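Undergrad: Input query-v9.cif, format and content: mmCIF, C-alpha atoms.
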data_entry
loop_
_atom_site.label_atom_id
_atom_site.label_comp_id
_atom_site.auth_asym_id
_atom_site.auth_seq_id
_atom_site.Cartn_x
_atom_site.Cartn_y
_atom_site.Cartn_z
CA MET A 1 19.11 -4.32 10.37
CA THR A 2 21.39 -1.36 9.69
CA ASN A 3 20.54 1.73 7.65
CA ALA A 4 22.66 0.33 4.81
CA ASP A 5 20.45 -2.77 4.80
CA ILE A 6 17.23 -0.84 4.17
CA SER A 7 18.19 1.56 1.36
CA ARG A 8 20.88 2.34 -1.19
CA PHE A 9 20.64 5.98 -0.13
CA PRO A 10 21.62 7.57 3.18
CA VAL A 11 19.03 7.11 5.92
CA PRO A 12 18.87 10.16 8.19
CA ASP A 13 19.14 10.07 11.93
CA LEU A 14 15.68 10.37 13.49
CA ASN A 15 16.82 13.10 15.87
CA ALA A 16 18.23 15.21 13.02
CA LEU A 17 14.93 15.34 11.10
CA PRO A 18 12.62 18.38 11.00
CA GLU A 19 10.24 18.36 13.97
CA ASP A 20 7.06 17.68 11.96
CA ILE A 21 8.60 14.64 10.27
CA ARG A 22 10.10 13.34 13.51
CA GLU A 23 6.70 13.68 15.23
CA LYS A 24 4.93 11.80 12.41
CA ILE A 25 7.48 8.98 12.56
CA LEU A 26 7.30 8.74 16.35
CA ALA A 27 3.48 8.62 16.20
CA VAL A 28 3.70 5.70 13.76
CA GLN A 29 6.24 3.99 16.01
CA GLU A 30 3.96 4.42 19.03
CA LYS A 31 1.00 2.93 17.16
CA SER A 32 2.80 0.01 15.48
CA GLY A 33 5.62 -0.68 17.91
CA PHE A 34 8.34 -0.07 15.29
CA ILE A 35 9.28 2.43 12.59
CA PRO A 36 8.43 1.12 9.12
CA ASN A 37 11.52 1.49 6.95
CA VAL A 38 9.66 3.52 4.31
CA PHE A 39 9.44 6.43 6.74
CA MET A 40 13.16 6.57 7.41
CA VAL A 41 14.13 5.98 3.78
CA LEU A 42 11.86 8.69 2.38
CA ALA A 43 12.92 11.12 5.12
CA HIS A 44 16.14 11.44 3.08
CA ARG A 45 14.22 14.19 1.23
CA PRO A 46 11.95 15.98 3.73
CA GLU A 47 9.82 17.92 1.21
CA GLU A 48 9.11 14.79 -0.82
CA PHE A 49 8.39 12.88 2.42
CA ARG A 50 5.71 15.43 3.36
CA THR A 51 4.12 15.35 -0.09
CA PHE A 52 4.25 11.56 -0.36
CA PHE A 53 2.61 10.94 3.00
CA ALA A 54 0.02 13.70 2.53
CA TYR A 55 -1.17 12.01 -0.67
CA HIS A 56 -0.84 8.54 0.88
CA ASP A 57 -3.01 9.56 3.83
CA ALA A 58 -5.57 11.27 1.56
CA LEU A 59 -5.96 8.04 -0.42
CA MET A 60 -5.69 5.43 2.31
CA GLU A 61 -7.22 7.08 5.39
CA SER A 62 -9.97 9.41 4.14
CA ASP A 63 -13.67 8.64 3.76
CA SER A 64 -14.32 6.51 0.70
CA GLY A 65 -16.77 4.05 -0.76
CA LEU A 66 -13.91 1.57 -0.54
CA SER A 67 -13.19 -0.03 2.80
CA LYS A 68 -9.69 0.34 4.20
CA ALA A 69 -9.18 -3.39 3.61
CA GLU A 70 -10.23 -3.01 -0.05
CA ARG A 71 -7.73 -0.19 -0.50
CA GLU A 72 -5.00 -2.44 0.89
CA MET A 73 -6.10 -5.22 -1.51
CA ILE A 74 -5.42 -2.86 -4.41
CA VAL A 75 -1.94 -2.12 -3.06
CA VAL A 76 -1.09 -5.79 -2.50
CA ALA A 77 -2.34 -7.04 -5.88
CA THR A 78 -0.76 -4.30 -7.98
CA SER A 79 2.47 -4.24 -5.94
CA ASN A 80 2.87 -7.97 -6.52
CA HIS A 81 2.52 -7.41 -10.26
CA ASN A 82 5.16 -4.66 -10.00
CA GLY A 83 7.51 -6.96 -8.07
CA CYS A 84 7.63 -4.70 -5.02
CA GLN A 85 8.66 -6.80 -2.06
CA TYR A 86 8.38 -3.90 0.37
CA CYS A 87 4.78 -3.01 -0.49
CA VAL A 88 3.54 -6.60 -0.75
CA ILE A 89 4.96 -7.45 2.67
CA ALA A 90 4.12 -4.18 4.46
CA HIS A 91 0.66 -3.67 2.98
CA GLY A 92 -0.04 -7.40 3.18
CA ALA A 93 0.38 -7.04 6.94
CA ILE A 94 -1.96 -4.05 7.01
CA LEU A 95 -4.48 -5.96 4.85
CA ARG A 96 -4.44 -8.92 7.24
CA ILE A 97 -5.13 -6.57 10.15
CA ARG A 98 -7.82 -4.50 8.42
CA ALA A 99 -9.60 -7.54 6.96
CA LYS A 100 -9.17 -9.50 10.21
CA ASP A 101 -8.12 -12.42 8.01
CA PRO A 102 -4.67 -14.04 8.28
CA LEU A 103 -4.93 -15.63 4.81
CA VAL A 104 -6.29 -12.92 2.55
CA ALA A 105 -3.07 -11.00 1.87
CA ASP A 106 -1.18 -14.05 0.64
CA GLN A 107 -4.13 -15.07 -1.53
CA VAL A 108 -4.49 -11.60 -3.06
CA ALA A 109 -0.75 -11.25 -3.65
CA ILE A 110 -0.38 -14.59 -5.41
CA ASN A 111 -3.63 -14.71 -7.42
CA TYR A 112 -6.51 -12.50 -6.38
CA ARG A 113 -8.80 -14.27 -8.87
CA LYS A 114 -8.61 -17.40 -6.67
CA ALA A 115 -8.66 -15.52 -3.36
CA ASP A 116 -11.48 -15.80 -0.85
CA ILE A 117 -12.82 -12.34 -1.66
CA SER A 118 -16.17 -11.15 -3.02
CA PRO A 119 -17.03 -10.84 -6.73
CA ARG A 120 -17.19 -7.07 -6.11
CA GLN A 121 -13.61 -7.07 -4.82
CA LYS A 122 -12.44 -9.21 -7.75
CA ALA A 123 -14.00 -6.70 -10.16
CA MET A 124 -12.24 -3.89 -8.29
CA LEU A 125 -8.90 -5.70 -8.59
CA ASP A 126 -9.49 -6.53 -12.27
CA PHE A 127 -9.87 -2.81 -12.88
CA ALA A 128 -6.85 -1.90 -10.72
CA MET A 129 -4.70 -4.41 -12.57
CA LYS A 130 -5.83 -2.99 -15.92
CA VAL A 131 -4.90 0.50 -14.71
CA ALA A 132 -1.52 -0.82 -13.53
CA VAL A 133 -0.70 -2.81 -16.67
CA ASN A 134 -2.69 -1.41 -19.58
CA SER A 135 -4.27 1.90 -18.58
CA GLN A 136 -4.47 3.16 -22.15
CA SER A 137 -7.11 0.51 -22.88
CA VAL A 138 -9.47 1.44 -20.00
CA GLY A 139 -12.86 2.23 -21.49
CA ASP A 140 -16.61 2.31 -21.00
CA ALA A 141 -16.92 -1.47 -20.59
CA ASP A 142 -14.54 -1.35 -17.62
CA TYR A 143 -16.64 1.34 -15.96
CA GLU A 144 -19.85 -0.59 -16.67
CA ALA A 145 -18.40 -3.71 -15.00
CA LEU A 146 -17.68 -1.66 -11.88
CA TYR A 147 -21.08 0.06 -11.91
CA ALA A 148 -22.68 -3.40 -12.05
CA GLU A 149 -20.91 -4.21 -8.76
CA GLY A 150 -22.14 -1.02 -7.10
CA PHE A 151 -19.06 1.18 -7.50
CA SER A 152 -19.56 4.92 -8.01
CA ASP A 153 -17.46 7.24 -10.15
CA GLU A 154 -15.77 8.46 -6.96
CA ASP A 155 -14.92 4.86 -6.02
CA ILE A 156 -13.44 4.34 -9.48
CA TRP A 157 -11.34 7.48 -9.02
CA ASP A 158 -10.09 6.03 -5.72
CA ILE A 159 -9.18 2.69 -7.33
CA THR A 160 -7.31 4.54 -10.08
CA ALA A 161 -5.52 6.94 -7.73
CA ILE A 162 -4.41 4.20 -5.32
CA THR A 163 -3.12 2.11 -8.22
CA GLY A 164 -1.23 5.06 -9.70
CA PHE A 165 0.21 6.24 -6.40
CA PHE A 166 1.48 2.81 -5.48
CA GLY A 167 2.93 2.38 -8.96
CA LEU A 168 5.18 5.31 -7.98
CA SER A 169 5.78 3.85 -4.53
CA ASN A 170 6.66 0.42 -5.98
CA ARG A 171 9.18 1.92 -8.37
CA MET A 172 10.79 4.02 -5.65
CA ALA A 173 10.99 1.08 -3.23
CA ASN A 174 12.50 -1.17 -5.89
CA ALA A 175 15.04 1.36 -7.18
CA LEU A 176 16.08 2.38 -3.64
CA SER A 177 16.40 -1.29 -2.56
CA MET A 178 13.99 -0.64 0.31
CA ARG A 179 13.64 -3.65 2.60
CA PRO A 180 10.51 -4.47 4.57
CA ASN A 181 10.87 -4.59 8.34
CA ASP A 182 11.01 -8.10 9.78
CA GLU A 183 8.06 -7.17 12.03
CA PHE A 184 5.69 -7.01 9.04
CA TYR A 185 5.98 -10.70 8.23
CA MET A 186 4.01 -11.91 11.25
CA LEU A 187 1.58 -9.02 11.77
CA GLY A 188 -2.04 -10.08 11.53
CA ARG A 189 -1.26 -13.79 11.28
CA GLN A 190 -1.97 -14.61 14.93
CA PRO A 191 -4.65 -13.16 17.21
CA ARG A 192 -3.34 -10.42 19.49
CA GLN A 193 -2.55 -11.54 23.03
#
How does this structure look as structure tokens?
TA:
Amino acid sequence: MTNADISRFPVPDLNALPEDIREKILAVQEKSGFIPNVFMVLAHRPEEFRTFFAYHDALMESDSGLSKAEREMIVVATSNHNGCQYCVIAHGAILRIRAKDPLVADQVAINYRKADISPRQKAMLDFAMKVAVNSQSVGDADYEALYAEGFSDEDIWDITAITGFFGLSNRMANALSMRPNDEFYMLGRQPRQ
């Protein structure tokens, strides 16, 4: 895949990037075995890259009442609604790995209400979808439904923030014609050798 195949905008040369960005990208490459296209595409604007990934990491990697797999479920379900191929494929792979379940990402992407997930997770995704599609109508009843499943106000903040952040990410990926790496398609589908 060439740089022109992954974005409508120029993709910088890895070696020409500021050192902090290059180091972050190389660390991701070392961990995953490849460089996810989102890193190279967003490196087109270094300041925005830093801000984007700082917020991403705060939402997706910090301590939370939501498991890392649940956070990925939010991304997959709402990204599917937003028609974001990149995020459904990339975060679907991460969801399969974090949930240790080769089927869950496809189920959540297509119809989370029929997925093999808990009632708590379905309530979480119902709320995330309402935030994604109809946030102006979120009210007390929505909070009460989440409280009934054991979510705290901080958890609800996390659901909301992840949904909002990936709404931005979905729109950027779609408008930039960002393509998912081929490597994502098979990740988490087969046990590691």
Undergrad: Evaluate the PyMOL selection byres ((chain A and resi 127) around 9) on the structure here and hand back the selected residues as JSON, numbers by chain.
TA: {"A": [122, 123, 124, 125, 126, 128, 129, 130, 131, 132, 138, 142, 143, 145, 146, 156, 159, 160]}
Undergrad: Residues picked by the PyMOL selection byres ((chain A and resi 61-65) around 10) here, as a ChimeraX atom specification?
TA: /A:55-60,66-68,70-71,150-156,158
Undergrad: Using all atoms listed in the file, which residue out of A:Pro180, A:Ala173, A:Gln121, A:Gly167 lies closest to A:Glu149?
TA: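 With all atoms listed in the file as the atom set, the closest residue is A:Gln121.
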Undergrad: Pick out the residues sitting within 8 Å of stretch 9-25 of chain A, and hand them over as a compact mmCIF listing (two decimals) with C-alpha atoms, in the frame of the given file; count only C-alpha atoms, and ignore anything fewer than 6 positions along from it in its own chain.
TA:
# COMPACT_ATOMS: atom_id res chain seq x y z
CA ASN A 3 20.54 1.73 7.65
CA ILE A 35 9.28 2.43 12.59
CA PHE A 39 9.44 6.43 6.74
CA MET A 40 13.16 6.57 7.41
CA VAL A 41 14.13 5.98 3.78
CA ALA A 43 12.92 11.12 5.12
CA HIS A 44 16.14 11.44 3.08
CA PRO A 46 11.95 15.98 3.73
CA ARG A 50 5.71 15.43 3.36
CA LEU A 176 16.08 2.38 -3.64
Undergrad: Which residue out of A:Ala141, A:Leu42, A:Ala77, A:Val133 has the minimum interatomic distance to A:Ile89 when all atoms listed in the file are used?
TA: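 Of all the options, A:Ala77 lies closest to A:Ile89.
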Undergrad: Hey, can you check how far atom CA of A:Asp101 sits from atom CA of A:Asp116?
TA: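 So the answer is 10.1 Å.
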Undergrad: Which value, in Å to one decimal, gives the distance between atom CA of A:Ile74 and atom CA of A:Val108?
TA: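 Separation between atom CA of A:Ile74 and atom CA of A:Val108: 8.9 Å.
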Undergrad: What does the distance from atom CA of A:Gln190 to atom CA of A:Cys84 come to in Å, to one decimal?
TA: 24.3 Å
Undergrad: Tell me which of A:Ala69, A:Asn80, A:Leu26, A:Cys87 sits closest to A:Arg179, counting only C-alpha atoms.
TA: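 Result for the nearest residue to A:Arg179: A:Cys87.
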Undergrad: Could you write out as an NGL selection string the residues that the PyMOL selection byres ((chain A and resi 96) around 12) matches in the shown file?
TA: :A and (68-70 or 72-73 or 76 or 88-95 or 97-109 or 184-191)
Undergrad: Could you tell me which of A:Arg45, A:His81, A:Lys31, A:Arg8 comes closest to A:Asn111 if we count all atoms listed in the file?
TA: A:His81
Undergrad: Give me, as a ChimeraX atom specification, all polymer residues having an atom no more than 7 Å from A:Met178, counting all atoms listed in the file and skipping those fewer than 4 positions away in the same chain.
TA: /A:6-7,86,173-174
